[in-house]
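One structure below.
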Amino acid sequence: MFSRHEMQELIVVDGRARGVVVRDLLTGEVETHLADAVCLATGGYGNVFFLSTNAKGCNTTAIWRAYKRGAGFANPCFTQIHPTCIPVTGEHQSKLTLMSESLRNDGRIWVPKRGSDTRPPDRIPEDERDYYLERKYPSYGNLAPRDISSRAAKQVCDEGRGVGPGGQGVYLDFAEAIGRLGEDAIREKYGNLFEMYERITAEDPYRVPMRIYPASHYTMGGLWVDYNLMSTIPGLFVLGEANFSDHGANRLGASALMQGLADGYFLIPYTIGDYLARAPHTTVAEGDPAVRAAVNSVEQRTARLLAIRGKRTPTSFYRELGRLLWEDCGMTRNRTGLERALQRIPPLREEFWRNLTVSGEAGELNQSLELAGRVADFLELGELICRDALARDESCGCHFREEYQTEDGEAKRNDERFCHVAVWEYAGDDRAPLRHEEPLSYEAVHLATRRYKCCA
Ligand SMILES: Cc1cc2nc3c(=O)[nH]c(=O)nc-3n(C[C@H](O)[C@H](O)[C@H](O)COP(=O)(O)OP(=O)(O)OC[C@H]3O[C@@H](n4cnc5c(N)ncnc54)[C@H](O)[C@@H]3O)c2cc1C
């Protein structure tokens with residue numbers, strides 16, 4: 001077990017994954033670990049948006065370096081935004097907190113009907129409130145799926161009806177449930193969540209409605225894998241959120257943990273054995289040119305990051321990238337915004353490599369250096385996400401292109417052109433990546449359009 005080690009490079013020998021190069025985060029030492037196959041279970045890349053519900057340690061580095069060694073990256077634009085998070089409070093926040101989805105079982109979501117209504121919630125009478133999910137989706141109401149609830153919250157806030165500082169919030173109100181079930185029953189069900197909310201916001205949700213807003217939460221995209229969980233690099237297996245499999249454009253239910261468990265318990269023990277039985281039995285030495293090259297690339301990159309000695313911190317680049325992606329490739333996207341993002345990311349990346357400042361040295365615990373490496377990868381991944389979103393000229397699950405919607409604002413798919421997985425192949429730093437299509441064919445079930453407007 002090597003905790004506090006970050007994988008920074010994949011070792012590929014004769015076209016097969018044969019190990020990883022890691023940096024010991026405590027000492028800075030660069031180590032190689034050679035093997036017959038490699039499994040990555042390094043999670044999703046939701047932190048590309050800077051603010052997200054993910055732990056700060058989540059990043060894209062492992063899968064991104066594997067992508068640059070030849071692993072296909074599938075559907076990067078399929079990113080899930082969770083509707084039930086505590087709103088952003090200011091510039092210097094580094095993380096967002098998820099309030100459990102279960103709260104929507106009893107909480108009612110609303111905003112004032114009138115824009116710029118600054119009255120406290122208890123002064124806004126019932127007939128001046130818009131319970132917009134209940135109004136738009138009478139049969140699902142406040143339990144409408146994540147993508148739909150998130151977009152609906154964005155819409156009312158864009159209309160100027162958002163609540164709280166900055167107007168980027170909607171109410172999640174338990175007054176009716178407390179009246180119906182009693183405070184004790186609500187405390188029994190959600191007491192820990194209410195306490196957490198109060199500690200963070202200093203507001204008591206038993207007395208005033210919670211305020212929530214959507215935040216980046218999960219990524220359906222990831223490294224492409226086959227049914228054996230093997231990527232396009234033989235011997236590189238990818239498990240859990242790090243791969244693209246199972247959830248399609250929209251992870252509707254709480255199934256990420258099930259996917260991780262299924263991958264780890266039921267699939268990989270069998271499929272990796274099958275691979276090992278068939279793979280040629282060769283030994284790779286530390287001195288192998290491919291191993292040396294992988295180590296050199298890690299060391300050179302670290303040295304390059306430290307040598308820039310510019311004026312902007314990794315966090316400042318990270319925050320700018322995240323905001324840009326959130327605005328132009330977040331809950332909704334359109335061609336103009338995506339093209340703008342694709343114009344703005346390359347100069348930002350260029351400035352990063354010219355004007356970054358990283359404090360400390362390589363051979364020590366250096367969190368500034370760690371972050372710089374991750375931001376460098378996010379700056380490349382962010383561009384791929386926008387490319388993918390631009391190429392997918394349809395709305396599909398969490399990927400909502402404003403140009404492609406029905407008259408009542410629902411996602412409009414184009415199955416004729418886009419019923420496929422988009423798999424991106426790295427083609428070099430100075431060349432556009434190649435887009436491949438893996439057709440989706442349905443046999444047992446048939447493609448249908450989700451409808452939440454009525455119960456029929
Ligand atoms: C707040 C929150 C609540 C959630 N609630 C639910 C829920 O109720 N139900 C559900 O099904 N799902 C839920 N999810 C989603 C689910 O938790 C994740 O999808 C799941 O944990 C992913 O598991 P994983 O093992 O693939 O990756 P992770 O759990 O993210 O683990 C990846 C690990 O790899 C490490 N790592 C990353 N990069 C490197 C590297 N380069 N080198 C070495 N190590 C690296 C990370 O530090 C991390 O420890 C929730 C997610 C969040 C953020």
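Going by the structure tokens order, chains are called A, B, ..., each with residues numbered from 1, while ligands are numbered from 1 in the order shown.
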Next on the checklist: Around ligand 1, which protein and nucleic acid residues have at least one atom no more than 8 Å from it, if we count only C-alpha atoms and all ligand atoms? List them as a ChimeraX atom specification.
Outcome noted: /A:3-8,22,41-44,52-55,57-63,97-98,100,217-219,239-242,253-260
Item to check | Backbone DSSP call of helix (DSSP H, G or I) for range 130-305 of chain A, listed as a PyMOL selection string | outcome: chain A and resi 132-136+141-143+146-158+165-167+175-181+183-201+240-242+256-278+289-305
Generate a file of the selected residues that holds C-alpha atoms, formatted as a PDB file, in the first residue's frame.
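Now in result-v2.pdb:
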```pdb
ATOM      1  CA  TYR A 132     -41.279  25.806 -10.071  1.00  0.00           C
ATOM      2  CA  LEU A 133     -40.515  22.066 -10.072  1.00  0.00           C
ATOM      3  CA  GLU A 134     -43.983  21.215  -8.787  1.00  0.00           C
ATOM      4  CA  ARG A 135     -45.444  23.576 -11.398  1.00  0.00           C
ATOM      5  CA  LYS A 136     -43.425  22.222 -14.330  1.00  0.00           C
ATOM      6  CA  GLY A 141     -42.254  17.677  -8.456  1.00  0.00           C
ATOM      7  CA  ASN A 142     -39.258  18.259  -6.232  1.00  0.00           C
ATOM      8  CA  LEU A 143     -37.895  14.810  -7.072  1.00  0.00           C
ATOM      9  CA  ARG A 146     -30.673  15.961 -11.194  1.00  0.00           C
ATOM     10  CA  ASP A 147     -30.040  17.456 -14.623  1.00  0.00           C
ATOM     11  CA  ILE A 148     -33.589  18.762 -14.917  1.00  0.00           C
ATOM     12  CA  SER A 149     -33.694  20.187 -11.395  1.00  0.00           C
ATOM     13  CA  SER A 150     -30.293  21.806 -11.865  1.00  0.00           C
ATOM     14  CA  ARG A 151     -31.214  23.470 -15.127  1.00  0.00           C
ATOM     15  CA  ALA A 152     -34.525  24.651 -13.687  1.00  0.00           C
ATOM     16  CA  ALA A 153     -32.677  26.290 -10.764  1.00  0.00           C
ATOM     17  CA  LYS A 154     -30.263  27.969 -13.166  1.00  0.00           C
ATOM     18  CA  GLN A 155     -33.160  29.209 -15.250  1.00  0.00           C
ATOM     19  CA  VAL A 156     -34.999  30.911 -12.377  1.00  0.00           C
ATOM     20  CA  CYS A 157     -31.741  32.454 -11.147  1.00  0.00           C
ATOM     21  CA  ASP A 158     -30.930  33.676 -14.674  1.00  0.00           C
ATOM     22  CA  PRO A 165     -26.307  36.847  -1.687  1.00  0.00           C
ATOM     23  CA  GLY A 166     -25.589  37.163  -5.411  1.00  0.00           C
ATOM     24  CA  GLY A 167     -28.968  35.689  -6.325  1.00  0.00           C
ATOM     25  CA  ALA A 175     -41.967  24.400   6.749  1.00  0.00           C
ATOM     26  CA  GLU A 176     -44.783  22.387   5.204  1.00  0.00           C
ATOM     27  CA  ALA A 177     -43.167  19.053   6.141  1.00  0.00           C
ATOM     28  CA  ILE A 178     -42.510  20.229   9.697  1.00  0.00           C
ATOM     29  CA  GLY A 179     -46.150  21.342   9.941  1.00  0.00           C
ATOM     30  CA  ARG A 180     -47.374  18.004   8.596  1.00  0.00           C
ATOM     31  CA  LEU A 181     -44.986  15.582  10.329  1.00  0.00           C
ATOM     32  CA  GLU A 183     -40.193  18.866  13.944  1.00  0.00           C
ATOM     33  CA  ASP A 184     -39.147  15.683  15.742  1.00  0.00           C
ATOM     34  CA  ALA A 185     -39.926  13.520  12.730  1.00  0.00           C
ATOM     35  CA  ILE A 186     -37.913  15.814  10.474  1.00  0.00           C
ATOM     36  CA  ARG A 187     -35.066  15.845  13.006  1.00  0.00           C
ATOM     37  CA  GLU A 188     -35.123  12.067  13.065  1.00  0.00           C
ATOM     38  CA  LYS A 189     -34.815  11.870   9.279  1.00  0.00           C
ATOM     39  CA  TYR A 190     -32.474  14.734   8.493  1.00  0.00           C
ATOM     40  CA  GLY A 191     -31.075  15.953  11.817  1.00  0.00           C
ATOM     41  CA  ASN A 192     -27.428  15.428  10.837  1.00  0.00           C
ATOM     42  CA  LEU A 193     -27.884  17.242   7.529  1.00  0.00           C
ATOM     43  CA  PHE A 194     -29.686  20.148   9.158  1.00  0.00           C
ATOM     44  CA  GLU A 195     -26.893  20.451  11.685  1.00  0.00           C
ATOM     45  CA  MET A 196     -24.251  20.403   8.962  1.00  0.00           C
ATOM     46  CA  TYR A 197     -26.138  23.073   7.047  1.00  0.00           C
ATOM     47  CA  GLU A 198     -26.427  25.268  10.110  1.00  0.00           C
ATOM     48  CA  ARG A 199     -22.732  24.927  10.927  1.00  0.00           C
ATOM     49  CA  ILE A 200     -21.773  26.022   7.425  1.00  0.00           C
ATOM     50  CA  THR A 201     -24.309  28.794   6.850  1.00  0.00           C
ATOM     51  CA  GLY A 240     -15.116   3.151 -11.169  1.00  0.00           C
ATOM     52  CA  GLU A 241     -15.702   6.789 -11.957  1.00  0.00           C
ATOM     53  CA  ALA A 242     -12.418   6.976 -13.851  1.00  0.00           C
ATOM     54  CA  ALA A 256     -21.871   5.187  -8.854  1.00  0.00           C
ATOM     55  CA  LEU A 257     -20.938   3.170  -5.813  1.00  0.00           C
ATOM     56  CA  MET A 258     -22.631   0.107  -7.272  1.00  0.00           C
ATOM     57  CA  GLN A 259     -20.617   0.542 -10.440  1.00  0.00           C
ATOM     58  CA  GLY A 260     -17.406   0.832  -8.457  1.00  0.00           C
ATOM     59  CA  LEU A 261     -18.258  -2.255  -6.450  1.00  0.00           C
ATOM     60  CA  ALA A 262     -19.269  -4.258  -9.508  1.00  0.00           C
ATOM     61  CA  ASP A 263     -16.089  -3.257 -11.314  1.00  0.00           C
ATOM     62  CA  GLY A 264     -13.915  -4.177  -8.352  1.00  0.00           C
ATOM     63  CA  TYR A 265     -15.622  -7.297  -7.033  1.00  0.00           C
ATOM     64  CA  PHE A 266     -17.254  -8.942 -10.000  1.00  0.00           C
ATOM     65  CA  LEU A 267     -15.448  -7.886 -13.154  1.00  0.00           C
ATOM     66  CA  ILE A 268     -11.786  -7.192 -12.728  1.00  0.00           C
ATOM     67  CA  PRO A 269     -10.889 -10.373 -10.763  1.00  0.00           C
ATOM     68  CA  TYR A 270     -11.975 -12.377 -13.805  1.00  0.00           C
ATOM     69  CA  THR A 271     -11.089 -10.153 -16.721  1.00  0.00           C
ATOM     70  CA  ILE A 272      -7.593  -9.324 -15.587  1.00  0.00           C
ATOM     71  CA  GLY A 273      -6.878 -13.016 -15.124  1.00  0.00           C
ATOM     72  CA  ASP A 274      -8.008 -13.644 -18.661  1.00  0.00           C
ATOM     73  CA  TYR A 275      -5.702 -10.880 -19.884  1.00  0.00           C
ATOM     74  CA  LEU A 276      -2.726 -12.156 -17.908  1.00  0.00           C
ATOM     75  CA  ALA A 277      -3.260 -15.677 -19.201  1.00  0.00           C
ATOM     76  CA  ARG A 278      -3.076 -14.457 -22.781  1.00  0.00           C
ATOM     77  CA  PRO A 289      14.197   2.832 -22.403  1.00  0.00           C
ATOM     78  CA  ALA A 290      10.408   3.161 -22.064  1.00  0.00           C
ATOM     79  CA  VAL A 291      10.699   3.182 -18.261  1.00  0.00           C
ATOM     80  CA  ARG A 292      13.500   5.725 -18.339  1.00  0.00           C
ATOM     81  CA  ALA A 293      11.522   7.905 -20.754  1.00  0.00           C
ATOM     82  CA  ALA A 294       8.478   7.864 -18.471  1.00  0.00           C
ATOM     83  CA  VAL A 295      10.588   8.804 -15.429  1.00  0.00           C
ATOM     84  CA  ASN A 296      12.335  11.549 -17.384  1.00  0.00           C
ATOM     85  CA  SER A 297       9.056  13.021 -18.509  1.00  0.00           C
ATOM     86  CA  VAL A 298       7.898  13.279 -14.870  1.00  0.00           C
ATOM     87  CA  GLU A 299      11.168  14.811 -13.700  1.00  0.00           C
ATOM     88  CA  GLN A 300      11.347  17.272 -16.566  1.00  0.00           C
ATOM     89  CA  ARG A 301       7.802  18.369 -16.073  1.00  0.00           C
ATOM     90  CA  THR A 302       8.392  18.985 -12.358  1.00  0.00           C
ATOM     91  CA  ALA A 303      11.552  20.936 -13.128  1.00  0.00           C
ATOM     92  CA  ARG A 304       9.717  22.978 -15.740  1.00  0.00           C
ATOM     93  CA  LEU A 305       6.910  23.878 -13.345  1.00  0.00           C
TER      94      LEU A 305
END
```
Please report, as JSON lines, each residue of range 41-107 of chain A lying at most 10 Å from range 229-237 of chain A, together with the nearest pair of atoms and the separation in Å rounded to one decimal; use only C-alpha atoms, and order rows by chain and ascending residue number.
```
{"residue": "A:Ala41", "atom": "CA", "partner": "A:Phe237", "partner_atom": "CA", "distance": 8.6}
{"residue": "A:Ala66", "atom": "CA", "partner": "A:Leu236", "partner_atom": "CA", "distance": 8.7}
{"residue": "A:Tyr67", "atom": "CA", "partner": "A:Ile233", "partner_atom": "CA", "distance": 9.3}
{"residue": "A:Arg69", "atom": "CA", "partner": "A:Ile233", "partner_atom": "CA", "distance": 8.4}
{"residue": "A:Gly70", "atom": "CA", "partner": "A:Ile233", "partner_atom": "CA", "distance": 6.5}
{"residue": "A:Ala71", "atom": "CA", "partner": "A:Thr232", "partner_atom": "CA", "distance": 5.1}
{"residue": "A:Gly72", "atom": "CA", "partner": "A:Thr232", "partner_atom": "CA", "distance": 5.9}
{"residue": "A:Phe73", "atom": "CA", "partner": "A:Ser231", "partner_atom": "CA", "distance": 9.1}
```
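In this structure, CA of Arg450 in chain A sits 19.9 Å away from CA of Arg333 in chain A.
Candidate residues A:Asp204, A:Glu101, A:His436, A:Thr315 were compared for distance to Gln367 in chain A, and the nearest is A:Thr315, using only C-alpha atoms.
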Checklist entry - So which residues touch Glu370 in chain A within 9 Å, counting only C-alpha atoms, skipping near sequence neighbours fewer than 5 positions away, as a ChimeraX atom specification? => result /A:6,25,365,375
Next on the checklist: Just checking: using only C-alpha atoms, which residue out of A:Lys56, A:Arg344, A:Arg129, A:Arg413 ends up closest to Gly162 in chain A?
Outcome noted: A:Arg129
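Note that the spacing between CA of Gly330 in chain A and CA of Glu416 in chain A amounts to 24.9 Å.
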Checklist entry - Rounded to one decimal in Å, what is the spacing between CA of Ile345 in chain A and CA of Ala372 in chain A? => result 16.0 Å
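Nearest residue to His247 in chain A among A:Val421, A:Leu51, A:Val21, A:Met99 is A:Val421, counting only C-alpha atoms.
With distances restricted to only C-alpha atoms, A:Leu384 is the closest residue to Tyr426 in chain A from A:Asp377, A:Leu384, A:Arg451, A:Thr27.
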Next on the checklist: as a list in words, please: the residues near Arg114 in chain A (cut-off 12 Å, only C-alpha atoms, same-chain neighbours under 4 positions excluded).
Outcome noted: Trp110, Thr118, Arg119, Ile124, Pro125, Asp127, Glu128, Arg129, Asp130, Val156, Cys157, Glu159, Gly160, Arg161, Gly162 and Val163 of chain A
Selection file, C-alpha atoms, as a PDB file, in the first residue's frame:
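Printed below is selection-v9.pdb as written:
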```
ATOM      1  CA  TRP A 110     -39.248  27.598  -4.575  1.00  0.00           C
ATOM      2  CA  THR A 118     -35.437  40.850  -1.288  1.00  0.00           C
ATOM      3  CA  ARG A 119     -38.061  40.148   1.354  1.00  0.00           C
ATOM      4  CA  ILE A 124     -43.337  36.198   0.972  1.00  0.00           C
ATOM      5  CA  PRO A 125     -46.937  34.920   0.893  1.00  0.00           C
ATOM      6  CA  ASP A 127     -49.345  33.057  -3.763  1.00  0.00           C
ATOM      7  CA  GLU A 128     -46.177  35.029  -4.475  1.00  0.00           C
ATOM      8  CA  ARG A 129     -43.969  31.927  -4.453  1.00  0.00           C
ATOM      9  CA  ASP A 130     -43.095  29.840  -7.465  1.00  0.00           C
ATOM     10  CA  VAL A 156     -34.999  30.911 -12.377  1.00  0.00           C
ATOM     11  CA  CYS A 157     -31.741  32.454 -11.147  1.00  0.00           C
ATOM     12  CA  GLU A 159     -34.372  35.300 -14.661  1.00  0.00           C
ATOM     13  CA  GLY A 160     -33.299  37.303 -11.615  1.00  0.00           C
ATOM     14  CA  ARG A 161     -35.438  35.331  -9.174  1.00  0.00           C
ATOM     15  CA  GLY A 162     -32.599  33.632  -7.305  1.00  0.00           C
ATOM     16  CA  VAL A 163     -32.315  34.152  -3.542  1.00  0.00           C
TER      17      VAL A 163
END
```
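For the residues A:Ala202, A:Val12, A:Leu40, A:Met220, ranking by smallest atom-to-atom distance to Asn250 in chain A using only C-alpha atoms places A:Met220 first.
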Item to check | Secondary structure check, strand (DSSP E) residues of range 25-259 of chain A, as a ChimeraX atom specification | outcome: /A:30-34,38-40,73-74,79-85,108-112,129-130,170-173,210-219,222-223,236-238
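Near range 28-36 of chain A, within a cut-off of 6 Å and counting only C-alpha atoms, sit the residues A:Arg18, A:Gly19, A:Val20, A:Val21, A:Val22, A:Arg23, A:Asp24, A:Leu25, A:Leu26, A:Ala362, A:Gly363, A:Glu364, with same-chain residues fewer than 2 positions away left out.
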For the residues selected in the previous step, produce a file with C-alpha atoms as a short mmCIF file (atom, residue, chain, number, x, y, z; two decimals), in the first residue's frame.
```cif
data_model
loop_
_atom_site.label_atom_id
_atom_site.label_comp_id
_atom_site.auth_asym_id
_atom_site.auth_seq_id
_atom_site.Cartn_x
_atom_site.Cartn_y
_atom_site.Cartn_z
CA ARG A 18 3.57 -2.23 -17.70
CA GLY A 19 3.67 0.09 -14.72
CA VAL A 20 3.37 3.58 -13.33
CA VAL A 21 5.66 6.39 -12.29
CA VAL A 22 4.60 7.96 -9.01
CA ARG A 23 5.77 10.86 -6.92
CA ASP A 24 5.98 10.35 -3.17
CA LEU A 25 4.03 13.39 -2.01
CA LEU A 26 5.90 13.55 1.31
CA ALA A 362 10.75 19.24 -5.79
CA GLY A 363 12.28 17.05 -3.06
CA GLU A 364 9.84 17.82 -0.28
#
```
